[in-house]
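Heads up: the structure comes next, in structure tokens.
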2 protein chains.
Amino acid sequence: MVEKIVVVGGGAAGVSAALWARKVNRKAEIIVINREEFPEYSRCGLPYVISQIIPNPKSLIEHPTSWYDKFLRIRLKLNCVAVDGDPDKKILEIKNLKHDKMEKESYDKLIVATGSSPSIPPITGVDKGRVFTLKTINDATRINDVARKSRSAVIVGAGLIGLEVAEALRHLELKVTVVELLPQILPTILDADFARILQSKMEEHGITVLTGKRVEEIMGNENAKGVVVEGEEIPGDFVVVSTGVKPNTDFAQKMGVELGKTGGIKTNEYMETSVEDVFAAGDCVETKYLVTNEPILAAMGTVAVRQGKVAGINAAGGKMTYYGTVLTRTTKLFGYEVASVGLTSQQAEKRDIKAIVGTIRGRTKPEYFPSSKTLYVKILVNSEDGRIIGSQIIGEEGAAIRINVISLALLRKLTIEEFLSLETVYAPPISPVWDPLIVAADSVMRKLEKRKKKT
Amino acid sequence: MVEKIVVVGGGAAGVSAALWARKVNRKAEIIVINREEFPEYSRCGLPYVISQIIPNPKSLIEHPTSWYDKFLRIRLKLNCVAVDGDPDKKILEIKNLKHDKMEKESYDKLIVATGSSPSIPPITGVDKGRVFTLKTINDATRINDVARKSRSAVIVGAGLIGLEVAEALRHLELKVTVVELLPQILPTILDADFARILQSKMEEHGITVLTGKRVEEIMGNENAKGVVVEGEEIPGDFVVVSTGVKPNTDFAQKMGVELGKTGGIKTNEYMETSVEDVFAAGDCVETKYLVTNEPILAAMGTVAVRQGKVAGINAAGGKMTYYGTVLTRTTKLFGYEVASVGLTSQQAEKRDIKAIVGTIRGRTKPEYFPSSKTLYVKILVNSEDGRIIGSQIIGEEGAAIRINVISLALLRKLTIEEFLSLETVYAPPISPVWDPLIVAADSVMRKLEKRKKKT
């Protein structure tokens, strides 16, 4: 019988683990060690705190501390960090950051959900004042404070968060420049053609986007005053660096937990680490990419909560499996839904997978119906076996939820032919009789058949 | 080599067949015999012609006659009906309705796509003037003409089309009463609880809905003046009867084609009938219901175009398979998306399938995000094997497209456990971290596990 479960990390994975552990096990003592001063909140909501679309940052908090205690008998230890531990004696050393004192905590089952930290590139001047990263509520309110007194900003990195911050700052009417080292925005998520469509949307909304450009230096004395890109000075009252994250594994390593070659914690499909009775979940974990079977660092909320669920259920004495991720990703920028799953064309190429790509420009409703919108859909299949390996959809409506359909197809490793039997909904105010997904699938299918005939 | 393909029927199935035949076969002569005066148009758009949301009925026409001829060398014979034929000599007798004369047409491959006709219940007075059904553009414009001079109407039947017509007439500010024989609206599509939610939406918009009531008589002398329901007179300046359709099989029977026990044309998975070189597709065909393996009459546009595609490709010398339908259905009523796939609880019960039902009231976005909407989701699984057998979703946004995900799950016969590995998109302006689909699936899963423990 499991008597005491300790979760180290109070973010999405950690709290998901604690909640699901409680569902499975009514009796065990459950403790969550949380470095921050707030109980779990939505990190993905932070850009909307910057823009003040969400006026009160605390509304991101899922439940107050008392709720965990009162309704679920889950004890949150806020402002606390696990700094060390003994996996044989099953004892942790906890530092209370607020009272600056050490405590001990024993466990039967331990779940490591220490998350990730911003990965900062070695740019000269990156340690100056007014250079921000976005990871916590305090980061978001700090950026909002400075933004409201500023007229311009530079974002380094055109990934999902970089672009969401760019939109937020534009919403506050700042002059915004985004600088990306790679030749396109959202380089890990979109093919170049779709990235260009989105980039022109951003430019229409007044954002300056520089791709394929290296930030050489952050200007300014004490505080950042902009950046230098290829010798050219781009002024900005502050800088936000958004160039990915790295897994927090210090504590896990102290516990003797084995890491994978990506640098994330290695687990099996029950989210068990190499150390007995120690589970792990979330951004700190190395995950199987179901499309290629490679180990990857997913660093995504969707993955974190699913892994947390499985770790929590298994730690509490239940049984559940986490097989891996297909990397279902989305955001909304300037009224445009952007969604992607699986490999992009470039990622396929890097792995020597010959991808057949079907790209279409469809409509969300029949042409004749008022308020029909353009939808760009791309589906990639492996030319060897016809299996779907990726998809991207962008448009003003219906892009993101459609990606869920392809996400299921990837999870089940369907071929494009199998996918083409899908019966999509049809009604003029909802969707065309041939859904854009099917039109795109047909386009790939015909390319695939032509290729087969040739060979 | 196929030299001449004749398609009898110029609706969704027939034209889909002709277009796909041409994609596969550039040389064959292709002729489409169409009873109506217009080339193919969207029948599902007709309610929006009544409401004048689509002001010009002709905008429903997909392509002008000349387009078929010029770009695809497909010859449309409008105002023509195939009245008889000889499958041995491969000759058809065609009646030109406009010129009232007979013609002959030979074929190599024949595709029967004669569709369906409104099924009229034997109500006293149903043959009076101002009793309408809705099947053609002319029906829609006629109803619109009368509606604009009327103040009230009665709809008999609360299926998809009945309710869409009710909404259209309400849009024109008529007093509208809907009478349904069965105890709920959309009886073949929704469970009673979801039907009630929708019914109260309709009542909020001023529609009177009477369920579980039989229309005994249509009042009036020459023209309908309302209906009698359980002795009570319900006045109405006209009546629309919308109580389902029946397959048009007269011509097929004259060709010696075998019918199934549902009364629809029997085909194999290549859409071949019992008569050599005769294919069939669309509402006139009996289809396999993939959820139960029963033969059914689907009478749906989504099914018609898919069957037409397969019939056309195979008739033209290609090879494709149509396995059957999962009955993916949707509509939008008063801003509410309504979508359903597979069995309802009642339909499962009738078939002695013990269904476990998970019903949740979720949100389309995180609670804290502005413009989040309520979404009602229901998932049904077979308690014996845990396979998903149906789902219903209603809400102001994101209901219909989400049903496509379950449609794929039904097509692939997934269990709820397999489905729970789905990685849905997550971003605050798009969807919650646990999509309502997953929350509903979790709810079923836990019920299923509890049940297993008991037994």
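Ordering of the structure tokens sets the chain letters (A, B, ...); residue numbers start at 1 within each chain; ligands are numbered from 1 in the order shown.
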
Residues of chain B were defined as contacting chain A if any atom lay at most 8 Å from it, counting only C-alpha atoms; please report them as JSON, numbers by chain. {"B": [44, 45, 53, 54, 59, 60, 301, 302, 303, 305, 322, 323, 325, 326, 327, 328, 329, 330, 331, 332, 337, 339, 368, 369, 370, 398, 400, 401, 402, 403, 404, 405, 407, 408, 409, 411, 419, 421, 422, 423, 424, 425, 426, 427, 428, 429, 430, 433, 434]}

Could you write out that same residue set with C-alpha atoms as a JSON list (two decimals), in the first residue's frame?
```json
[["chain", "number", "residue", "atom", "x", "y", "z"],
["B", 44, "CYS", "CA", -28.23, 21.07, -48.05],
["B", 45, "GLY", "CA", -28.10, 24.77, -48.90],
["B", 53, "ILE", "CA", -29.31, 33.99, -46.10],
["B", 54, "ILE", "CA", -28.38, 32.88, -49.60],
["B", 59, "SER", "CA", -25.46, 30.44, -56.25],
["B", 60, "LEU", "CA", -26.08, 26.92, -54.93],
["B", 301, "GLY", "CA", -24.69, 14.11, -48.76],
["B", 302, "THR", "CA", -21.40, 12.99, -47.19],
["B", 303, "VAL", "CA", -22.20, 9.38, -48.05],
["B", 305, "VAL", "CA", -20.35, 12.03, -52.68],
["B", 322, "TYR", "CA", -16.32, 2.19, -50.17],
["B", 323, "TYR", "CA", -16.59, 0.35, -46.89],
["B", 325, "THR", "CA", -20.76, 4.84, -43.19],
["B", 326, "VAL", "CA", -20.45, 5.82, -39.54],
["B", 327, "LEU", "CA", -23.25, 8.39, -40.02],
["B", 328, "THR", "CA", -21.43, 11.63, -39.31],
["B", 329, "ARG", "CA", -24.15, 14.28, -39.11],
["B", 330, "THR", "CA", -24.29, 17.97, -38.32],
["B", 331, "THR", "CA", -26.25, 21.18, -38.58],
["B", 332, "LYS", "CA", -26.27, 24.64, -37.09],
["B", 337, "GLU", "CA", -23.63, 23.58, -33.72],
["B", 339, "ALA", "CA", -23.13, 17.10, -34.41],
["B", 368, "TYR", "CA", -10.13, 32.19, -17.56],
["B", 369, "PHE", "CA", -9.98, 33.03, -21.25],
["B", 370, "PRO", "CA", -12.49, 35.55, -22.63],
["B", 398, "GLY", "CA", -16.13, 23.71, -32.08],
["B", 400, "ALA", "CA", -19.00, 19.81, -35.44],
["B", 401, "ILE", "CA", -15.31, 19.63, -36.28],
["B", 402, "ARG", "CA", -14.65, 17.73, -33.04],
["B", 403, "ILE", "CA", -17.10, 15.04, -34.19],
["B", 404, "ASN", "CA", -14.72, 14.34, -37.09],
["B", 405, "VAL", "CA", -12.20, 13.05, -34.55],
["B", 407, "SER", "CA", -15.78, 9.73, -36.72],
["B", 408, "LEU", "CA", -12.21, 8.59, -37.38],
["B", 409, "ALA", "CA", -12.21, 6.64, -34.09],
["B", 411, "LEU", "CA", -14.05, 4.14, -38.63],
["B", 419, "PHE", "CA", -8.75, 6.97, -27.90],
["B", 421, "SER", "CA", -3.94, 8.47, -25.93],
["B", 422, "LEU", "CA", -5.04, 11.19, -28.37],
["B", 423, "GLU", "CA", -2.95, 14.34, -28.06],
["B", 424, "THR", "CA", -5.28, 17.28, -28.66],
["B", 425, "VAL", "CA", -4.17, 20.79, -29.47],
["B", 426, "TYR", "CA", -3.85, 23.23, -26.59],
["B", 427, "ALA", "CA", -3.50, 27.00, -26.49],
["B", 428, "PRO", "CA", -5.68, 29.33, -24.41],
["B", 429, "PRO", "CA", -7.32, 31.12, -27.38],
["B", 430, "ILE", "CA", -8.05, 27.72, -29.00],
["B", 433, "VAL", "CA", -5.33, 21.72, -21.99],
["B", 434, "TRP", "CA", -7.72, 18.80, -21.52]]
```

Each residue of stretch 207-253 of chain B lying at most 6 Å from stretch 125-147 of chain B should get a row with its shortest atom-to-atom pair and the distance in Å to one decimal, counting only C-alpha atoms; could you produce that, ordered by chain and increasing number, as a Markdown table?
```
| residue | atom | partner | partner_atom | distance |
| --- | --- | --- | --- | --- |
| B:Ile218 | CA | B:Gly125 | CA | 4.9 |
| B:Glu222 | CA | B:Lys128 | CA | 5.8 |
| B:Asn223 | CA | B:Gly129 | CA | 4.2 |
| B:Ala224 | CA | B:Arg130 | CA | 5.5 |
| B:Phe238 | CA | B:Arg130 | CA | 5.1 |
| B:Val239 | CA | B:Val131 | CA | 4.8 |
| B:Val240 | CA | B:Phe132 | CA | 4.6 |
| B:Val241 | CA | B:Thr133 | CA | 5.3 |
```

Could you write out that same residue set with all heavy atoms as a PDB file, in the first residue's frame?
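Result file selection.pdb:
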```pdb
ATOM      1  N   ILE B 218     -54.564  17.667 -41.922  1.00  0.00           N
ATOM      2  CA  ILE B 218     -54.172  18.999 -42.367  1.00  0.00           C
ATOM      3  C   ILE B 218     -55.441  19.759 -42.700  1.00  0.00           C
ATOM      4  O   ILE B 218     -56.270  19.308 -43.503  1.00  0.00           O
ATOM      5  CB  ILE B 218     -53.197  18.910 -43.557  1.00  0.00           C
ATOM      6  CG1 ILE B 218     -51.881  18.334 -43.005  1.00  0.00           C
ATOM      7  CG2 ILE B 218     -52.992  20.276 -44.191  1.00  0.00           C
ATOM      8  CD1 ILE B 218     -50.795  18.083 -43.996  1.00  0.00           C
ATOM      9  N   GLU B 222     -59.060  24.104 -50.107  1.00  0.00           N
ATOM     10  CA  GLU B 222     -58.107  23.793 -51.170  1.00  0.00           C
ATOM     11  C   GLU B 222     -56.679  23.837 -50.625  1.00  0.00           C
ATOM     12  O   GLU B 222     -55.885  22.947 -50.851  1.00  0.00           O
ATOM     13  CB  GLU B 222     -58.267  24.833 -52.272  1.00  0.00           C
ATOM     14  CG  GLU B 222     -58.222  24.259 -53.662  1.00  0.00           C
ATOM     15  CD  GLU B 222     -58.625  25.336 -54.641  1.00  0.00           C
ATOM     16  OE1 GLU B 222     -59.815  25.756 -54.631  1.00  0.00           O
ATOM     17  OE2 GLU B 222     -57.742  25.777 -55.385  1.00  0.00           O
ATOM     18  N   ASN B 223     -56.431  24.902 -49.859  1.00  0.00           N
ATOM     19  CA  ASN B 223     -55.087  25.125 -49.313  1.00  0.00           C
ATOM     20  C   ASN B 223     -55.033  24.830 -47.815  1.00  0.00           C
ATOM     21  O   ASN B 223     -56.016  25.064 -47.104  1.00  0.00           O
ATOM     22  CB  ASN B 223     -54.662  26.578 -49.542  1.00  0.00           C
ATOM     23  CG  ASN B 223     -54.328  26.825 -51.004  1.00  0.00           C
ATOM     24  OD1 ASN B 223     -53.885  25.915 -51.704  1.00  0.00           O
ATOM     25  ND2 ASN B 223     -54.557  28.046 -51.453  1.00  0.00           N
ATOM     26  N   ALA B 224     -53.881  24.361 -47.400  1.00  0.00           N
ATOM     27  CA  ALA B 224     -53.685  24.069 -45.980  1.00  0.00           C
ATOM     28  C   ALA B 224     -53.843  25.338 -45.145  1.00  0.00           C
ATOM     29  O   ALA B 224     -53.419  26.425 -45.549  1.00  0.00           O
ATOM     30  CB  ALA B 224     -52.285  23.495 -45.772  1.00  0.00           C
ATOM     31  N   PHE B 238     -49.273  27.828 -44.064  1.00  0.00           N
ATOM     32  CA  PHE B 238     -48.854  26.703 -44.908  1.00  0.00           C
ATOM     33  C   PHE B 238     -48.188  25.651 -44.044  1.00  0.00           C
ATOM     34  O   PHE B 238     -47.907  25.887 -42.860  1.00  0.00           O
ATOM     35  CB  PHE B 238     -47.946  27.155 -46.068  1.00  0.00           C
ATOM     36  CG  PHE B 238     -46.639  27.735 -45.649  1.00  0.00           C
ATOM     37  CD1 PHE B 238     -45.481  26.963 -45.651  1.00  0.00           C
ATOM     38  CD2 PHE B 238     -46.547  29.072 -45.249  1.00  0.00           C
ATOM     39  CE1 PHE B 238     -44.264  27.498 -45.272  1.00  0.00           C
ATOM     40  CE2 PHE B 238     -45.322  29.615 -44.869  1.00  0.00           C
ATOM     41  CZ  PHE B 238     -44.182  28.828 -44.871  1.00  0.00           C
ATOM     42  N   VAL B 239     -47.941  24.478 -44.654  1.00  0.00           N
ATOM     43  CA  VAL B 239     -47.385  23.348 -43.915  1.00  0.00           C
ATOM     44  C   VAL B 239     -46.179  22.804 -44.694  1.00  0.00           C
ATOM     45  O   VAL B 239     -46.229  22.702 -45.918  1.00  0.00           O
ATOM     46  CB  VAL B 239     -48.451  22.232 -43.736  1.00  0.00           C
ATOM     47  CG1 VAL B 239     -47.837  20.973 -43.127  1.00  0.00           C
ATOM     48  CG2 VAL B 239     -49.607  22.734 -42.872  1.00  0.00           C
ATOM     49  N   VAL B 240     -45.104  22.498 -43.978  1.00  0.00           N
ATOM     50  CA  VAL B 240     -43.980  21.808 -44.615  1.00  0.00           C
ATOM     51  C   VAL B 240     -43.857  20.430 -43.975  1.00  0.00           C
ATOM     52  O   VAL B 240     -43.751  20.321 -42.751  1.00  0.00           O
ATOM     53  CB  VAL B 240     -42.653  22.585 -44.449  1.00  0.00           C
ATOM     54  CG1 VAL B 240     -41.502  21.834 -45.127  1.00  0.00           C
ATOM     55  CG2 VAL B 240     -42.783  23.993 -45.018  1.00  0.00           C
ATOM     56  N   VAL B 241     -43.910  19.400 -44.810  1.00  0.00           N
ATOM     57  CA  VAL B 241     -43.788  18.028 -44.314  1.00  0.00           C
ATOM     58  C   VAL B 241     -42.341  17.575 -44.520  1.00  0.00           C
ATOM     59  O   VAL B 241     -41.827  17.589 -45.636  1.00  0.00           O
ATOM     60  CB  VAL B 241     -44.755  17.080 -45.050  1.00  0.00           C
ATOM     61  CG1 VAL B 241     -44.534  15.636 -44.606  1.00  0.00           C
ATOM     62  CG2 VAL B 241     -46.192  17.506 -44.791  1.00  0.00           C
TER      63      VAL B 241
END
```

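Summary of the local environment: counting only C-alpha atoms, residues at most 10 Å from B:Ala13, other than itself and those fewer than 6 positions away along its chain, are Val7, Glu40, Ile111, Val112, Ala113, Thr114, Gly115, Ala280, Ala281, Gly282, Asp283, Cys284, Gly301, Thr302, Val303, Ala304, Val305, Arg306, Gln307, Gly308, Lys309, Val310, Ala311 and Gly312 of chain B.
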
- Task: Give the strand (DSSP E or B) residues of stretch 52-262 of chain A, as assigned by DSSP on the backbone, as a ChimeraX atom specification.
- Result: /A:61,74-77,80-86,91-96,101-106,109-112,116-118,124,129,131-132,152-156,175-180,208-211,215-219,223,226-229,232-235,238-241,245-247,259

Among A:Arg361, A:Lys213, A:Lys70, A:Lys378, A:Ile393 is approached most closely, using only C-alpha atoms, by A:Lys378

Taking only stretch 78-277 of chain B into account, list the residues labelled alpha helix (DSSP H) by DSSP (computed from the backbone), as a PyMOL selection string.
chain B and resi 137-148+160-171+192-204+250-254

For this session: Would you list the contacts of A:Trp67 as a ChimeraX atom specification, taking every protein, DNA or RNA residue within 12 Å and counting only C-alpha atoms, but skipping same-chain residues closer than 4 positions in sequence?
Result: /A:19,39-40,61-63,71-76

Give me a file of those residues, with N, CA, C and O atoms, as a PDB file, in the first residue's frame.
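Everything below was put into part37.pdb:
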```
ATOM      1  N   LEU A  19      -3.279  15.208  -8.825  1.00  0.00           N
ATOM      2  CA  LEU A  19      -4.740  15.071  -8.936  1.00  0.00           C
ATOM      3  C   LEU A  19      -5.133  13.650  -9.334  1.00  0.00           C
ATOM      4  O   LEU A  19      -6.074  13.073  -8.791  1.00  0.00           O
ATOM      5  N   PRO A  39       0.055  28.556  -6.408  1.00  0.00           N
ATOM      6  CA  PRO A  39      -0.257  27.193  -6.859  1.00  0.00           C
ATOM      7  C   PRO A  39      -0.386  27.165  -8.384  1.00  0.00           C
ATOM      8  O   PRO A  39      -0.410  28.219  -9.020  1.00  0.00           O
ATOM      9  N   GLU A  40      -0.482  25.976  -8.957  1.00  0.00           N
ATOM     10  CA  GLU A  40      -0.389  25.808 -10.413  1.00  0.00           C
ATOM     11  C   GLU A  40      -1.246  26.790 -11.208  1.00  0.00           C
ATOM     12  O   GLU A  40      -2.396  27.036 -10.876  1.00  0.00           O
ATOM     13  N   ILE A  61      -4.485  31.088 -12.216  1.00  0.00           N
ATOM     14  CA  ILE A  61      -4.331  30.043 -11.197  1.00  0.00           C
ATOM     15  C   ILE A  61      -5.548  29.128 -11.220  1.00  0.00           C
ATOM     16  O   ILE A  61      -6.685  29.596 -11.132  1.00  0.00           O
ATOM     17  N   GLU A  62      -5.290  27.828 -11.362  1.00  0.00           N
ATOM     18  CA  GLU A  62      -6.395  26.872 -11.538  1.00  0.00           C
ATOM     19  C   GLU A  62      -7.267  26.790 -10.286  1.00  0.00           C
ATOM     20  O   GLU A  62      -8.486  26.845 -10.359  1.00  0.00           O
ATOM     21  N   HIS A  63      -6.623  26.604  -9.131  1.00  0.00           N
ATOM     22  CA  HIS A  63      -7.348  26.467  -7.865  1.00  0.00           C
ATOM     23  C   HIS A  63      -6.515  27.099  -6.760  1.00  0.00           C
ATOM     24  O   HIS A  63      -5.289  27.029  -6.796  1.00  0.00           O
ATOM     25  N   PHE A  71     -10.416  19.872  -0.493  1.00  0.00           N
ATOM     26  CA  PHE A  71     -11.212  18.916  -1.273  1.00  0.00           C
ATOM     27  C   PHE A  71     -10.449  17.644  -1.616  1.00  0.00           C
ATOM     28  O   PHE A  71     -11.045  16.607  -1.865  1.00  0.00           O
ATOM     29  N   LEU A  72      -9.128  17.747  -1.657  1.00  0.00           N
ATOM     30  CA  LEU A  72      -8.379  16.580  -2.133  1.00  0.00           C
ATOM     31  C   LEU A  72      -7.311  16.119  -1.145  1.00  0.00           C
ATOM     32  O   LEU A  72      -6.615  15.149  -1.406  1.00  0.00           O
ATOM     33  N   ARG A  73      -7.198  16.806  -0.038  1.00  0.00           N
ATOM     34  CA  ARG A  73      -6.131  16.500   0.921  1.00  0.00           C
ATOM     35  C   ARG A  73      -4.768  16.366   0.216  1.00  0.00           C
ATOM     36  O   ARG A  73      -4.009  15.450   0.483  1.00  0.00           O
ATOM     37  N   ILE A  74      -4.526  17.316  -0.680  1.00  0.00           N
ATOM     38  CA  ILE A  74      -3.201  17.414  -1.303  1.00  0.00           C
ATOM     39  C   ILE A  74      -2.529  18.633  -0.677  1.00  0.00           C
ATOM     40  O   ILE A  74      -3.102  19.725  -0.671  1.00  0.00           O
ATOM     41  N   ARG A  75      -1.346  18.417  -0.088  1.00  0.00           N
ATOM     42  CA  ARG A  75      -0.692  19.523   0.598  1.00  0.00           C
ATOM     43  C   ARG A  75       0.305  20.163  -0.355  1.00  0.00           C
ATOM     44  O   ARG A  75       1.195  19.500  -0.887  1.00  0.00           O
ATOM     45  N   LEU A  76       0.122  21.466  -0.615  1.00  0.00           N
ATOM     46  CA  LEU A  76       1.069  22.195  -1.453  1.00  0.00           C
ATOM     47  C   LEU A  76       2.093  22.861  -0.551  1.00  0.00           C
ATOM     48  O   LEU A  76       1.726  23.571   0.383  1.00  0.00           O
TER      49      LEU A  76
END
```

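Proximity ranking of A:Gly386, A:Phe334, A:Glu396, A:Thr455 relative to A:Thr364 places A:Glu396 first, based on only C-alpha atoms.
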
Find the residues around A:Thr211 up to 12 Å (only C-alpha atoms counted), leave out those fewer than 4 positions away in its own chain, and share them as an mmCIF file with N, CA, C and O atoms, in the first residue's frame.
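What follows is the written file part.cif:
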```cif
data_model
loop_
_atom_site.group_PDB
_atom_site.id
_atom_site.type_symbol
_atom_site.label_atom_id
_atom_site.label_comp_id
_atom_site.auth_asym_id
_atom_site.auth_seq_id
_atom_site.Cartn_x
_atom_site.Cartn_y
_atom_site.Cartn_z
ATOM 1 N N ILE A 155 12.104 41.097 -29.881
ATOM 2 C CA ILE A 155 11.952 39.705 -29.460
ATOM 3 C C ILE A 155 13.026 38.890 -30.160
ATOM 4 O O ILE A 155 13.145 38.950 -31.382
ATOM 5 N N VAL A 156 13.773 38.112 -29.411
ATOM 6 C CA VAL A 156 14.774 37.230 -30.013
ATOM 7 C C VAL A 156 14.180 35.823 -30.050
ATOM 8 O O VAL A 156 13.937 35.213 -29.009
ATOM 9 N N GLY A 157 13.917 35.321 -31.255
ATOM 10 C CA GLY A 157 13.351 33.976 -31.403
ATOM 11 C C GLY A 157 11.910 34.029 -31.892
ATOM 12 O O GLY A 157 11.068 34.666 -31.275
ATOM 13 N N ALA A 158 11.632 33.352 -33.023
ATOM 14 C CA ALA A 158 10.293 33.372 -33.619
ATOM 15 C C ALA A 158 9.615 32.021 -33.493
ATOM 16 O O ALA A 158 8.977 31.521 -34.406
ATOM 17 N N GLY A 159 9.765 31.396 -32.309
ATOM 18 C CA GLY A 159 8.986 30.193 -32.009
ATOM 19 C C GLY A 159 7.613 30.605 -31.504
ATOM 20 O O GLY A 159 7.231 31.776 -31.545
ATOM 21 N N THR A 177 9.929 44.307 -33.047
ATOM 22 C CA THR A 177 10.766 43.630 -34.039
ATOM 23 C C THR A 177 11.067 42.222 -33.530
ATOM 24 O O THR A 177 11.434 42.048 -32.370
ATOM 25 N N VAL A 178 10.862 41.223 -34.395
ATOM 26 C CA VAL A 178 11.200 39.843 -34.048
ATOM 27 C C VAL A 178 12.413 39.442 -34.880
ATOM 28 O O VAL A 178 12.416 39.635 -36.099
ATOM 29 N N VAL A 179 13.447 38.887 -34.201
ATOM 30 C CA VAL A 179 14.646 38.439 -34.924
ATOM 31 C C VAL A 179 14.789 36.928 -34.750
ATOM 32 O O VAL A 179 14.768 36.420 -33.627
ATOM 33 N N GLU A 180 14.890 36.224 -35.873
ATOM 34 C CA GLU A 180 14.995 34.756 -35.839
ATOM 35 C C GLU A 180 16.254 34.335 -36.604
ATOM 36 O O GLU A 180 16.473 34.758 -37.735
ATOM 37 N N LEU A 181 17.032 33.466 -35.980
ATOM 38 C CA LEU A 181 18.278 32.984 -36.573
ATOM 39 C C LEU A 181 18.019 32.127 -37.815
ATOM 40 O O LEU A 181 18.718 32.217 -38.820
ATOM 41 N N LEU A 182 16.988 31.291 -37.741
ATOM 42 C CA LEU A 182 16.686 30.396 -38.858
ATOM 43 C C LEU A 182 15.950 31.176 -39.950
ATOM 44 O O LEU A 182 15.451 32.281 -39.715
ATOM 45 N N PRO A 183 15.892 30.595 -41.161
ATOM 46 C CA PRO A 183 15.378 31.384 -42.296
ATOM 47 C C PRO A 183 13.863 31.600 -42.315
ATOM 48 O O PRO A 183 13.359 32.189 -43.263
ATOM 49 N N GLN A 184 13.134 31.158 -41.304
ATOM 50 C CA GLN A 184 11.680 31.356 -41.308
ATOM 51 C C GLN A 184 11.159 31.432 -39.878
ATOM 52 O O GLN A 184 11.835 30.998 -38.945
ATOM 53 N N ILE A 185 9.949 31.963 -39.708
ATOM 54 C CA ILE A 185 9.322 31.932 -38.387
ATOM 55 C C ILE A 185 8.761 30.532 -38.133
ATOM 56 O O ILE A 185 8.575 29.747 -39.067
ATOM 57 N N LEU A 186 8.522 30.208 -36.872
ATOM 58 C CA LEU A 186 8.026 28.895 -36.436
ATOM 59 C C LEU A 186 8.744 27.748 -37.153
ATOM 60 O O LEU A 186 8.104 26.853 -37.732
ATOM 61 N N PRO A 187 10.081 27.764 -37.137
ATOM 62 C CA PRO A 187 10.839 26.816 -37.964
ATOM 63 C C PRO A 187 10.607 25.348 -37.610
ATOM 64 O O PRO A 187 10.760 24.492 -38.481
ATOM 65 N N ALA A 192 8.111 26.257 -44.934
ATOM 66 C CA ALA A 192 8.451 27.640 -45.281
ATOM 67 C C ALA A 192 7.282 28.382 -45.935
ATOM 68 O O ALA A 192 7.035 29.551 -45.644
ATOM 69 N N ALA A 195 4.813 29.359 -43.299
ATOM 70 C CA ALA A 195 5.429 30.375 -42.434
ATOM 71 C C ALA A 195 5.356 31.740 -43.105
ATOM 72 O O ALA A 195 5.114 32.753 -42.447
ATOM 73 N N ARG A 196 5.531 31.763 -44.419
ATOM 74 C CA ARG A 196 5.465 33.042 -45.154
ATOM 75 C C ARG A 196 4.069 33.647 -45.095
ATOM 76 O O ARG A 196 3.905 34.854 -44.932
ATOM 77 N N GLN A 199 3.770 35.058 -41.687
ATOM 78 C CA GLN A 199 4.647 36.220 -41.521
ATOM 79 C C GLN A 199 4.022 37.471 -42.154
ATOM 80 O O GLN A 199 4.058 38.553 -41.567
ATOM 81 N N VAL A 215 21.431 37.691 -33.812
ATOM 82 C CA VAL A 215 21.590 38.815 -32.887
ATOM 83 C C VAL A 215 23.014 38.749 -32.352
ATOM 84 O O VAL A 215 23.386 37.779 -31.697
ATOM 85 N N VAL A 229 22.079 43.489 -35.134
ATOM 86 C CA VAL A 229 21.857 42.364 -36.048
ATOM 87 C C VAL A 229 22.648 42.642 -37.321
ATOM 88 O O VAL A 229 22.364 43.608 -38.023
ATOM 89 N N GLU A 230 23.633 41.797 -37.578
ATOM 90 C CA GLU A 230 24.490 41.973 -38.764
ATOM 91 C C GLU A 230 24.992 43.412 -38.870
ATOM 92 O O GLU A 230 24.882 44.057 -39.913
#
```

note - atom CA of B:Lys225 and atom CA of B:Met202 are separated by 23.2 Å

### Task
Find the spatial neighbours of A:Thr267, counting only C-alpha atoms, within a cut-off of 9 Å - ignore same-chain residues fewer than 6 positions away - and output them as a list of chain:residue names.
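My reading of the contact set: A:Glu258, A:Leu259, A:Gly260, A:Thr273, A:Ser274, A:Phe279, A:Ala280, A:Ala281, A:Val285, A:Glu286, A:Thr287.
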
What does the structure give for the distance between atom CA of B:Arg214 and atom CA of B:Gly264, in Å to one decimal?
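Computing the Euclidean distance for atom CA of B:Arg214 and atom CA of B:Gly264 yields 27.3 Å.
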
Atom pair atom CA of A:Lys101 + atom CA of A:Lys254, distance 19.6 Å

### Message
Just want the 9 Å neighbourhood of A:Ser383, counted on only C-alpha atoms, with same-chain residues fewer than 3 positions away dropped. Output as JSON, numbers by chain.
### Response
{"A": [353, 354, 355, 356, 386, 387, 448, 451, 452]}
